[in-house]
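Each remark here refers to the structure printed beneath this line.
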Amino acid sequence: MQQNLYIFIQLADGSRDVVGRLLYEKHADGQIRSYFRYEPSWVTKPDAFPLDPVNLPLTTEVFRMKSRTGLWGVLEDALPDAWGRRLLQARHMVNVSRDNNIQLLLLTGWAEPGATGFSEARKMARRPIVPMDLEMTDQAINASEAFEKQAGIVNLPDFFVSGGSSAGGARPKVLARSGDDHFLVKFPSINDPAPDIMAQLEFLGMSCARQAGIPVPDCFLIKASGTRMALAVKRFDTHNKRGRLHFLSFQSLIGVEEQLGLPYARMAEVIKKVSVFPERDLKNLYKQMVINVILCNCDDHLKNFSMCHDPSTNGFCLTPAYDVVPNLWQREHILSIAGKTGAINRADLLREGRHFALTNQQACKRISEAGQGVLQALRDNGKMVQQLSKTCSLCCRLLHDIRENLERITNLKNIEHP
């Protein structure tokens with residue numbers, strides 16, 4: 001079977017253009033041979049940019065690959081993860097396995113968040129995205145809980161299907177809007193070890209990164225009925241009212257599927273090669289790595305780090321930090337530091353700093369900034385932290401580990417324990 005797929009881009013000014021075409025051939029053995037070429041009209045545009053500056057540079061050549069999915073990483077980034085696949089399966093009754101990824105792209109249409117679109121026709125059909133009003137958070141939480149319990153019989157609101165099916169991650173979430181601002185709202189999941197506190201933990205993690213001087217999107221907690229809370233995160237891929245910024249994950253840039261134990265340094269190598277602001281991006285990524293260790297944010301896989309197109313330079317740079325979530329039970333990281341995924345100490349962080357073009361003195365400064373940021377965020381959110389520690393034994397243990405990490409890694413002393 002042979003089929004064409006047109007790939008579109010929504011630009012920062014809100015206009016849309018055809019970027020390229022994907023031809024794929026599915027063979028009897030299940031393998032797909034894929035061919036991608038940028039449209040000549042796109043290549044010759046003065047402000048054109050590649051979908052992936054590492055694996056799909058902006059040239060007129062034909063790129064080829066053979067795989068089970070037929071998709072380059074940057075295209076897989078536009079696919080929904082576990083939550084979105086469940087929504088598509090319930091709405092369209094389709095096979096949502098990786099063998100059907102191309103069909104899922106067509107069902108997704110325009111990736112939200114993101115700037116890419118997919119169609120079998122050269123003219124992209126306009127599928128309206130129905131964002132949720134933030135005032136409907138309580139209703140949305142009830143609907144997501146009911147869907148998680150009985151996905152086959154629950155009718156979800158339109159904003160869930162059109163505004164939640166392309167969002168990444170395994171937990172329930174939906175696109176939302178308040179005035180001209182766009183948000184990704186994350187809900188508690190019935191499968192979380194402590195559903196009532198997941199939003200607060202992520203809010204704390206994002207606060208730590210912000211206090212450390214790392215760019216993060218604006219975010220805030222939304223209190224729903226009972227003890228439930230949601231987290232609203234302002235989208236960093238939107239530009240003005242209608243525009244979008246193209247971004248892609250480090251999983252796509254590095255081009256790996258198996259990443260357990262892969263060093264953080266691999267991301268540093270990409271930044272050195274691609275970023276228009278390498279010194280700034282290396283500094284921020286290093287500090288984020290330190291904060292992940294301090295906070296026990298062990299879900300540090302490559303899809304949780306991205307680069308985006310910067311229209312002002314027509315180049316790529318590190319996105320704001322996102323998904324900085326202290327982990328309640330896991331203590332082994334996915335990515336490695338100095339060859340280790342657990343029991344990471346100050347010496348390991350200093351050793352990894354060499355791959356970030358940092359001297360020991362510079363790395364020590366970054367570690368101190370990260371530690372001071374975490375300490376300040378703990379103080380700023382003292383009442384919430386105290387309450388979390390009292391109401392959840394897992395959280396009490398987590399906060400104890402965070403404070404021990406602060407003392408052990410940053411040499412900060414006199415840290416009060418709950």
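Labeling convention for the structure tokens: chains A, B, ... as they appear, residues from 1 per chain, ligands from 1 in order of appearance.
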
Quick one: which region 242-322 of chain A residues come within 10 Å of region 106-123 of chain A, and what is the nearest atom pair for each with the distance in Å to one decimal, counting only C-alpha atoms, rows ordered by chain and ascending number, as JSON lines?
{"residue": "A:Gly243", "atom": "CA", "partner": "A:Ala115", "partner_atom": "CA", "distance": 8.6}
{"residue": "A:Arg244", "atom": "CA", "partner": "A:Ala115", "partner_atom": "CA", "distance": 5.4}
{"residue": "A:Leu245", "atom": "CA", "partner": "A:Ala115", "partner_atom": "CA", "distance": 6.0}
{"residue": "A:His246", "atom": "CA", "partner": "A:Ala115", "partner_atom": "CA", "distance": 5.0}
{"residue": "A:Phe247", "atom": "CA", "partner": "A:Gly114", "partner_atom": "CA", "distance": 6.5}
{"residue": "A:Leu248", "atom": "CA", "partner": "A:Gly114", "partner_atom": "CA", "distance": 8.5}
{"residue": "A:Cys308", "atom": "CA", "partner": "A:Gly114", "partner_atom": "CA", "distance": 9.8}

Output for the residues just chosen: C-alpha atoms as an mmCIF file, in the first residue's frame:
data_model
loop_
_atom_site.group_PDB
_atom_site.id
_atom_site.type_symbol
_atom_site.label_atom_id
_atom_site.label_comp_id
_atom_site.auth_asym_id
_atom_site.auth_seq_id
_atom_site.Cartn_x
_atom_site.Cartn_y
_atom_site.Cartn_z
ATOM 1 C CA GLY A 243 0.459 32.150 15.682
ATOM 2 C CA ARG A 244 2.305 29.016 16.723
ATOM 3 C CA LEU A 245 5.945 28.191 17.403
ATOM 4 C CA HIS A 246 7.292 24.915 16.066
ATOM 5 C CA PHE A 247 8.987 22.747 18.679
ATOM 6 C CA LEU A 248 10.372 19.226 18.804
ATOM 7 C CA CYS A 308 11.654 25.448 19.556
#

Under the rule of at most 10 Å, produce a per-residue listing of region 125-216 of chain A near region 362-375 of chain A: chain, number, name, the closest pair of atoms, and the distance in Å, as a Markdown table, using only C-alpha atoms.
| residue | atom | partner | partner_atom | distance |
| --- | --- | --- | --- | --- |
| A:Leu204 | CA | A:Val374 | CA | 8.9 |
| A:Gly205 | CA | A:Val374 | CA | 8.3 |
| A:Met206 | CA | A:Val374 | CA | 9.7 |
| A:Ser207 | CA | A:Val374 | CA | 7.9 |
| A:Cys208 | CA | A:Val374 | CA | 4.5 |
| A:Ala209 | CA | A:Gly373 | CA | 6.7 |
| A:Arg210 | CA | A:Gly373 | CA | 7.3 |
| A:Gln211 | CA | A:Gly373 | CA | 4.3 |
| A:Ala212 | CA | A:Gly373 | CA | 3.9 |
| A:Gly213 | CA | A:Gly373 | CA | 7.5 |
| A:Ile214 | CA | A:Ala370 | CA | 8.9 |

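Using only C-alpha atoms, the nearest neighbour of Asp52 (chain A) within the list A:Asp29, A:Glu39, A:Asp77, A:Glu269 is A:Asp77.
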
Could you give me, as number ranges by chain, the residues within 12 Å of Ser275 (chain A), counting only C-alpha atoms and dropping anything in the same chain fewer than 2 positions from it?
-> A: 53-54, 253, 267-273, 277-282, 306-310, 313-319

Could you turn the residues from that selection into a file that holds N, CA and C atoms, as a PDB file, in the first residue's frame?
ATOM      1  N   PRO A  53      16.335  20.258  12.640  1.00  0.00           N
ATOM      2  CA  PRO A  53      17.624  20.739  12.121  1.00  0.00           C
ATOM      3  C   PRO A  53      18.725  19.691  12.144  1.00  0.00           C
ATOM      4  N   VAL A  54      18.521  18.592  12.880  1.00  0.00           N
ATOM      5  CA  VAL A  54      19.540  17.547  12.957  1.00  0.00           C
ATOM      6  C   VAL A  54      19.273  16.449  11.934  1.00  0.00           C
ATOM      7  N   LEU A 253      15.339  14.831  18.245  1.00  0.00           N
ATOM      8  CA  LEU A 253      16.621  15.386  17.827  1.00  0.00           C
ATOM      9  C   LEU A 253      17.750  14.365  17.966  1.00  0.00           C
ATOM     10  N   MET A 267      22.053  15.687  25.282  1.00  0.00           N
ATOM     11  CA  MET A 267      21.289  16.893  24.990  1.00  0.00           C
ATOM     12  C   MET A 267      22.215  18.104  24.872  1.00  0.00           C
ATOM     13  N   ALA A 268      23.244  18.127  25.696  1.00  0.00           N
ATOM     14  CA  ALA A 268      24.214  19.226  25.607  1.00  0.00           C
ATOM     15  C   ALA A 268      24.895  19.244  24.244  1.00  0.00           C
ATOM     16  N   GLU A 269      25.181  18.066  23.692  1.00  0.00           N
ATOM     17  CA  GLU A 269      25.811  17.993  22.368  1.00  0.00           C
ATOM     18  C   GLU A 269      24.909  18.601  21.301  1.00  0.00           C
ATOM     19  N   VAL A 270      23.608  18.320  21.386  1.00  0.00           N
ATOM     20  CA  VAL A 270      22.663  18.873  20.408  1.00  0.00           C
ATOM     21  C   VAL A 270      22.592  20.385  20.540  1.00  0.00           C
ATOM     22  N   ILE A 271      22.547  20.885  21.764  1.00  0.00           N
ATOM     23  CA  ILE A 271      22.486  22.332  21.976  1.00  0.00           C
ATOM     24  C   ILE A 271      23.704  23.020  21.374  1.00  0.00           C
ATOM     25  N   LYS A 272      24.870  22.452  21.583  1.00  0.00           N
ATOM     26  CA  LYS A 272      26.096  23.043  21.012  1.00  0.00           C
ATOM     27  C   LYS A 272      26.014  23.111  19.494  1.00  0.00           C
ATOM     28  N   LYS A 273      25.376  22.119  18.911  1.00  0.00           N
ATOM     29  CA  LYS A 273      25.309  22.028  17.454  1.00  0.00           C
ATOM     30  C   LYS A 273      24.210  22.890  16.858  1.00  0.00           C
ATOM     31  N   PHE A 277      21.497  30.187  20.906  1.00  0.00           N
ATOM     32  CA  PHE A 277      21.948  30.738  22.184  1.00  0.00           C
ATOM     33  C   PHE A 277      22.555  29.613  23.029  1.00  0.00           C
ATOM     34  N   PRO A 278      23.647  28.999  22.556  1.00  0.00           N
ATOM     35  CA  PRO A 278      24.157  27.788  23.213  1.00  0.00           C
ATOM     36  C   PRO A 278      24.586  28.006  24.658  1.00  0.00           C
ATOM     37  N   GLU A 279      25.243  29.113  24.952  1.00  0.00           N
ATOM     38  CA  GLU A 279      25.727  29.335  26.315  1.00  0.00           C
ATOM     39  C   GLU A 279      24.556  29.440  27.294  1.00  0.00           C
ATOM     40  N   ARG A 280      23.546  30.213  26.918  1.00  0.00           N
ATOM     41  CA  ARG A 280      22.370  30.362  27.767  1.00  0.00           C
ATOM     42  C   ARG A 280      21.635  29.038  27.939  1.00  0.00           C
ATOM     43  N   ASP A 281      21.454  28.302  26.844  1.00  0.00           N
ATOM     44  CA  ASP A 281      20.695  27.055  26.905  1.00  0.00           C
ATOM     45  C   ASP A 281      21.436  25.976  27.691  1.00  0.00           C
ATOM     46  N   LEU A 282      22.749  25.913  27.550  1.00  0.00           N
ATOM     47  CA  LEU A 282      23.529  24.942  28.316  1.00  0.00           C
ATOM     48  C   LEU A 282      23.441  25.236  29.815  1.00  0.00           C
ATOM     49  N   SER A 306      12.743  19.974  25.173  1.00  0.00           N
ATOM     50  CA  SER A 306      12.479  20.303  23.765  1.00  0.00           C
ATOM     51  C   SER A 306      13.242  21.537  23.333  1.00  0.00           C
ATOM     52  N   MET A 307      13.308  21.713  22.013  1.00  0.00           N
ATOM     53  CA  MET A 307      13.813  22.948  21.419  1.00  0.00           C
ATOM     54  C   MET A 307      12.725  23.506  20.516  1.00  0.00           C
ATOM     55  N   CYS A 308      12.677  24.830  20.393  1.00  0.00           N
ATOM     56  CA  CYS A 308      11.654  25.448  19.556  1.00  0.00           C
ATOM     57  C   CYS A 308      12.288  26.419  18.570  1.00  0.00           C
ATOM     58  N   HIS A 309      11.543  26.683  17.502  1.00  0.00           N
ATOM     59  CA  HIS A 309      11.985  27.642  16.502  1.00  0.00           C
ATOM     60  C   HIS A 309      11.759  29.051  17.030  1.00  0.00           C
ATOM     61  N   ASP A 310      12.786  29.870  16.909  1.00  0.00           N
ATOM     62  CA  ASP A 310      12.726  31.265  17.354  1.00  0.00           C
ATOM     63  C   ASP A 310      12.584  32.156  16.129  1.00  0.00           C
ATOM     64  N   THR A 313      15.251  34.961  15.237  1.00  0.00           N
ATOM     65  CA  THR A 313      16.580  34.600  14.715  1.00  0.00           C
ATOM     66  C   THR A 313      16.499  33.577  13.591  1.00  0.00           C
ATOM     67  N   ASN A 314      15.291  33.021  13.378  1.00  0.00           N
ATOM     68  CA  ASN A 314      15.086  31.916  12.436  1.00  0.00           C
ATOM     69  C   ASN A 314      15.990  30.735  12.777  1.00  0.00           C
ATOM     70  N   GLY A 315      16.194  30.521  14.058  1.00  0.00           N
ATOM     71  CA  GLY A 315      16.987  29.393  14.532  1.00  0.00           C
ATOM     72  C   GLY A 315      16.245  28.669  15.643  1.00  0.00           C
ATOM     73  N   PHE A 316      16.938  27.750  16.315  1.00  0.00           N
ATOM     74  CA  PHE A 316      16.320  26.948  17.360  1.00  0.00           C
ATOM     75  C   PHE A 316      16.991  27.218  18.706  1.00  0.00           C
ATOM     76  N   CYS A 317      16.185  27.111  19.771  1.00  0.00           N
ATOM     77  CA  CYS A 317      16.705  27.297  21.120  1.00  0.00           C
ATOM     78  C   CYS A 317      15.916  26.422  22.090  1.00  0.00           C
ATOM     79  N   LEU A 318      16.428  26.298  23.291  1.00  0.00           N
ATOM     80  CA  LEU A 318      15.782  25.477  24.318  1.00  0.00           C
ATOM     81  C   LEU A 318      14.448  26.097  24.718  1.00  0.00           C
ATOM     82  N   THR A 319      13.431  25.266  24.863  1.00  0.00           N
ATOM     83  CA  THR A 319      12.127  25.758  25.324  1.00  0.00           C
ATOM     84  C   THR A 319      12.187  26.029  26.826  1.00  0.00           C
TER      85      THR A 319
END

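Near Leu349 (chain A), within 8 Å and counting only C-alpha atoms, sit A:Val290, A:Ile337, A:Ala338, A:Ile344, A:Ala363, not including residues fewer than 5 positions from it in the same chain.
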
Looking only at strand (DSSP E or B) from DSSP on the backbone, list the matching residues of region 244-348 of chain A as a VMD selection string.
-> chain A and resid 244 247 to 249 263 275 306 to 310 315 to 318 336 to 337 340

Residues near region 300-302 of chain A, cut-off 8 Å, only C-alpha atoms, skip fewer than 4 positions along chain, as a PyMOL selection string | chain A and resi 249-251+259+292+306+333-335

Could you save the residues just selected, with N, CA and C atoms, as a PDB file, in the first residue's frame?
ATOM      1  N   SER A 249      10.975  17.498  20.359  1.00  0.00           N
ATOM      2  CA  SER A 249      11.585  16.957  21.567  1.00  0.00           C
ATOM      3  C   SER A 249      13.027  16.535  21.302  1.00  0.00           C
ATOM      4  N   PHE A 250      13.775  16.396  22.397  1.00  0.00           N
ATOM      5  CA  PHE A 250      15.138  15.876  22.279  1.00  0.00           C
ATOM      6  C   PHE A 250      15.130  14.406  21.898  1.00  0.00           C
ATOM      7  N   GLN A 251      14.046  13.702  22.161  1.00  0.00           N
ATOM      8  CA  GLN A 251      13.971  12.323  21.679  1.00  0.00           C
ATOM      9  C   GLN A 251      14.042  12.296  20.168  1.00  0.00           C
ATOM     10  N   GLN A 259      16.150   4.930  25.741  1.00  0.00           N
ATOM     11  CA  GLN A 259      16.917   6.029  26.329  1.00  0.00           C
ATOM     12  C   GLN A 259      17.308   5.790  27.774  1.00  0.00           C
ATOM     13  N   ASN A 292      16.318  18.496  38.912  1.00  0.00           N
ATOM     14  CA  ASN A 292      15.696  17.173  38.793  1.00  0.00           C
ATOM     15  C   ASN A 292      16.269  16.201  39.819  1.00  0.00           C
ATOM     16  N   SER A 306      12.743  19.974  25.173  1.00  0.00           N
ATOM     17  CA  SER A 306      12.479  20.303  23.765  1.00  0.00           C
ATOM     18  C   SER A 306      13.242  21.537  23.333  1.00  0.00           C
ATOM     19  N   HIS A 333      16.715   7.653  38.060  1.00  0.00           N
ATOM     20  CA  HIS A 333      16.439   8.521  36.927  1.00  0.00           C
ATOM     21  C   HIS A 333      16.444   7.729  35.621  1.00  0.00           C
ATOM     22  N   ILE A 334      15.764   8.248  34.627  1.00  0.00           N
ATOM     23  CA  ILE A 334      15.803   7.641  33.296  1.00  0.00           C
ATOM     24  C   ILE A 334      17.113   8.001  32.599  1.00  0.00           C
ATOM     25  N   LEU A 335      17.481   9.264  32.634  1.00  0.00           N
ATOM     26  CA  LEU A 335      18.749   9.702  32.046  1.00  0.00           C
ATOM     27  C   LEU A 335      19.861   9.596  33.090  1.00  0.00           C
TER      28      LEU A 335
END

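Distance annotation: of A:Leu87, A:Leu378, A:Leu399, A:Leu221, the residue with the minimal separation from Asn327 (chain A) is A:Leu399; atom set is only C-alpha atoms.
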
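The shortest atom-to-atom distance to His182 (chain A), with only C-alpha atoms taken into account, belongs to A:Arg242 out of A:Lys223, A:Arg331, A:Lys149, A:Arg242.
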
DSSP-assigned helix (DSSP H, G or I) among region 68-174 of chain A, expressed as a PyMOL selection string | chain A and resi 73-76+82-92+98-108+134-149+158-164

I need the residues from that last selection saved to file as a CSV table (one decimal), in the first residue's frame (with N, CA and C atoms), if you can.
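Contents of the output file again.csv:
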chain,number,residue,atom,x,y,z
A,73,GLY,N,11.1,11.3,14.0
A,73,GLY,CA,10.8,11.6,15.3
A,73,GLY,C,9.9,12.9,15.5
A,74,VAL,N,10.2,13.9,14.7
A,74,VAL,CA,9.5,15.2,14.8
A,74,VAL,C,8.0,15.0,14.4
A,75,LEU,N,7.7,14.0,13.6
A,75,LEU,CA,6.3,13.7,13.2
A,75,LEU,C,5.7,12.9,14.4
A,76,GLU,N,6.4,12.0,15.0
A,76,GLU,CA,5.9,11.3,16.1
A,76,GLU,C,5.6,12.2,17.3
A,82,ALA,N,-0.5,8.3,25.8
A,82,ALA,CA,-1.5,7.4,26.3
A,82,ALA,C,-2.9,8.0,26.5
A,83,TRP,N,-3.0,9.2,27.1
A,83,TRP,CA,-4.3,9.8,27.3
A,83,TRP,C,-5.0,10.1,26.0
A,84,GLY,N,-4.3,10.8,25.1
A,84,GLY,CA,-4.9,11.2,23.8
A,84,GLY,C,-5.3,10.0,23.0
A,85,ARG,N,-4.5,8.9,23.0
A,85,ARG,CA,-4.8,7.7,22.3
A,85,ARG,C,-6.1,7.1,22.8
A,86,ARG,N,-6.3,7.1,24.1
A,86,ARG,CA,-7.6,6.6,24.6
A,86,ARG,C,-8.8,7.4,24.1
A,87,LEU,N,-8.6,8.8,24.0
A,87,LEU,CA,-9.7,9.6,23.5
A,87,LEU,C,-10.0,9.3,22.1
A,88,LEU,N,-8.9,9.1,21.3
A,88,LEU,CA,-9.2,8.8,19.8
A,88,LEU,C,-9.8,7.5,19.7
A,89,GLN,N,-9.4,6.5,20.5
A,89,GLN,CA,-10.0,5.2,20.4
A,89,GLN,C,-11.4,5.2,20.7
A,90,ALA,N,-11.8,5.9,21.8
A,90,ALA,CA,-13.2,6.0,22.2
A,90,ALA,C,-14.0,6.8,21.2
A,91,ARG,N,-13.5,7.8,20.6
A,91,ARG,CA,-14.2,8.6,19.6
A,91,ARG,C,-14.4,8.0,18.3
A,92,HIS,N,-13.3,7.4,17.8
A,92,HIS,CA,-13.3,6.9,16.4
A,92,HIS,C,-13.2,5.4,16.3
A,98,ARG,N,1.2,1.5,17.8
A,98,ARG,CA,2.2,2.2,17.0
A,98,ARG,C,2.1,1.8,15.5
A,99,ASP,N,1.6,0.7,15.2
A,99,ASP,CA,1.5,0.2,13.8
A,99,ASP,C,0.5,1.1,13.0
A,100,ASN,N,-0.3,1.9,13.7
A,100,ASN,CA,-1.3,2.7,13.1
A,100,ASN,C,-1.0,4.2,13.2
A,101,ASN,N,0.2,4.6,13.5
A,101,ASN,CA,0.6,6.0,13.8
A,101,ASN,C,0.2,7.0,12.7
A,102,ILE,N,0.4,6.6,11.4
A,102,ILE,CA,0.1,7.5,10.3
A,102,ILE,C,-1.4,7.8,10.3
A,103,GLN,N,-2.3,6.8,10.5
A,103,GLN,CA,-3.7,7.1,10.6
A,103,GLN,C,-4.1,8.0,11.8
A,104,LEU,N,-3.3,7.8,12.9
A,104,LEU,CA,-3.6,8.7,14.0
A,104,LEU,C,-3.2,10.1,13.7
A,105,LEU,N,-2.2,10.3,13.0
A,105,LEU,CA,-1.8,11.7,12.6
A,105,LEU,C,-2.9,12.3,11.8
A,106,LEU,N,-3.5,11.6,10.9
A,106,LEU,CA,-4.6,12.1,10.1
A,106,LEU,C,-5.8,12.4,10.9
A,107,LEU,N,-6.1,11.6,11.9
A,107,LEU,CA,-7.2,11.9,12.8
A,107,LEU,C,-6.9,13.1,13.7
A,108,THR,N,-5.7,13.3,14.1
A,108,THR,CA,-5.3,14.4,14.9
A,108,THR,C,-5.4,15.7,14.1
A,134,LEU,N,-11.7,28.0,31.5
A,134,LEU,CA,-11.1,27.6,32.8
A,134,LEU,C,-12.1,27.4,33.9
A,135,GLU,N,-13.3,28.1,33.8
A,135,GLU,CA,-14.3,28.0,34.8
A,135,GLU,C,-15.0,26.6,34.8
A,136,MET,N,-14.7,25.8,33.7
A,136,MET,CA,-15.3,24.5,33.6
A,136,MET,C,-14.4,23.3,34.1
A,137,THR,N,-13.4,23.7,34.9
A,137,THR,CA,-12.4,22.7,35.4
A,137,THR,C,-13.1,21.6,36.2
A,138,ASP,N,-14.0,22.0,37.1
A,138,ASP,CA,-14.6,21.0,37.9
A,138,ASP,C,-15.4,20.0,37.1
A,139,GLN,N,-16.1,20.5,36.1
A,139,GLN,CA,-16.9,19.6,35.2
A,139,GLN,C,-15.9,18.7,34.4
A,140,ALA,N,-14.8,19.3,34.0
A,140,ALA,CA,-13.8,18.5,33.3
A,140,ALA,C,-13.2,17.4,34.1
A,141,ILE,N,-12.9,17.7,35.4
A,141,ILE,CA,-12.3,16.6,36.2
A,141,ILE,C,-13.3,15.5,36.4
A,142,ASN,N,-14.6,15.8,36.6
A,142,ASN,CA,-15.6,14.8,36.8
A,142,ASN,C,-15.7,13.9,35.5
A,143,ALA,N,-15.6,14.6,34.3
A,143,ALA,CA,-15.7,13.8,33.1
A,143,ALA,C,-14.5,12.9,32.9
A,144,SER,N,-13.3,13.5,33.2
A,144,SER,CA,-12.1,12.6,33.0
A,144,SER,C,-12.1,11.4,33.9
A,145,GLU,N,-12.5,11.6,35.2
A,145,GLU,CA,-12.6,10.5,36.1
A,145,GLU,C,-13.6,9.4,35.6
A,146,ALA,N,-14.7,9.9,35.1
A,146,ALA,CA,-15.7,8.9,34.6
A,146,ALA,C,-15.2,8.2,33.4
A,147,PHE,N,-14.4,8.9,32.5
A,147,PHE,CA,-13.9,8.3,31.3
A,147,PHE,C,-12.8,7.3,31.7
A,148,GLU,N,-12.0,7.6,32.7
A,148,GLU,CA,-10.9,6.6,33.1
A,148,GLU,C,-11.5,5.4,33.7
A,149,LYS,N,-12.7,5.5,34.3
A,149,LYS,CA,-13.3,4.3,34.9
A,149,LYS,C,-14.1,3.5,33.8
A,158,ASP,N,-17.1,18.1,24.1
A,158,ASP,CA,-16.4,18.4,22.9
A,158,ASP,C,-14.9,18.9,23.1
A,159,PHE,N,-14.8,19.7,24.2
A,159,PHE,CA,-13.4,20.3,24.4
A,159,PHE,C,-12.4,19.2,24.7
A,160,PHE,N,-12.9,18.0,25.3
A,160,PHE,CA,-11.9,17.0,25.6
A,160,PHE,C,-11.5,16.3,24.3
A,161,VAL,N,-12.4,16.0,23.4
A,161,VAL,CA,-12.0,15.3,22.2
A,161,VAL,C,-11.2,16.1,21.3
A,162,SER,N,-11.6,17.4,21.0
A,162,SER,CA,-10.8,18.2,20.1
A,162,SER,C,-9.6,18.9,20.7
A,163,GLY,N,-9.7,19.1,22.0
A,163,GLY,CA,-8.6,19.8,22.6
A,163,GLY,C,-7.7,19.0,23.6
A,164,GLY,N,-7.9,17.7,23.6
A,164,GLY,CA,-7.1,16.9,24.5
A,164,GLY,C,-6.5,15.7,23.8

Neighbours of Gly30 (chain A) within 10 Å (only C-alpha atoms; same-chain residues fewer than 4 positions away dropped), as a count of residues only?
-> 6

For Phe203 (chain A): contacts at 12 Å, only C-alpha atoms, fewer than 2 positions along chain excluded, given as an MDAnalysis selection string | chainID A and resid 186 197:201 205:210 216:222 229:233 322:326 377:378 380:381 384:385

So, counting only C-alpha atoms, which residue among A:Lys383, A:His27, A:Arg21, A:Arg235 is closest to Thr60 (chain A)?
-> A:Arg21

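The coordinates place CA of Met289 (chain A) at 12.3 Å from CA of Ile409 (chain A).
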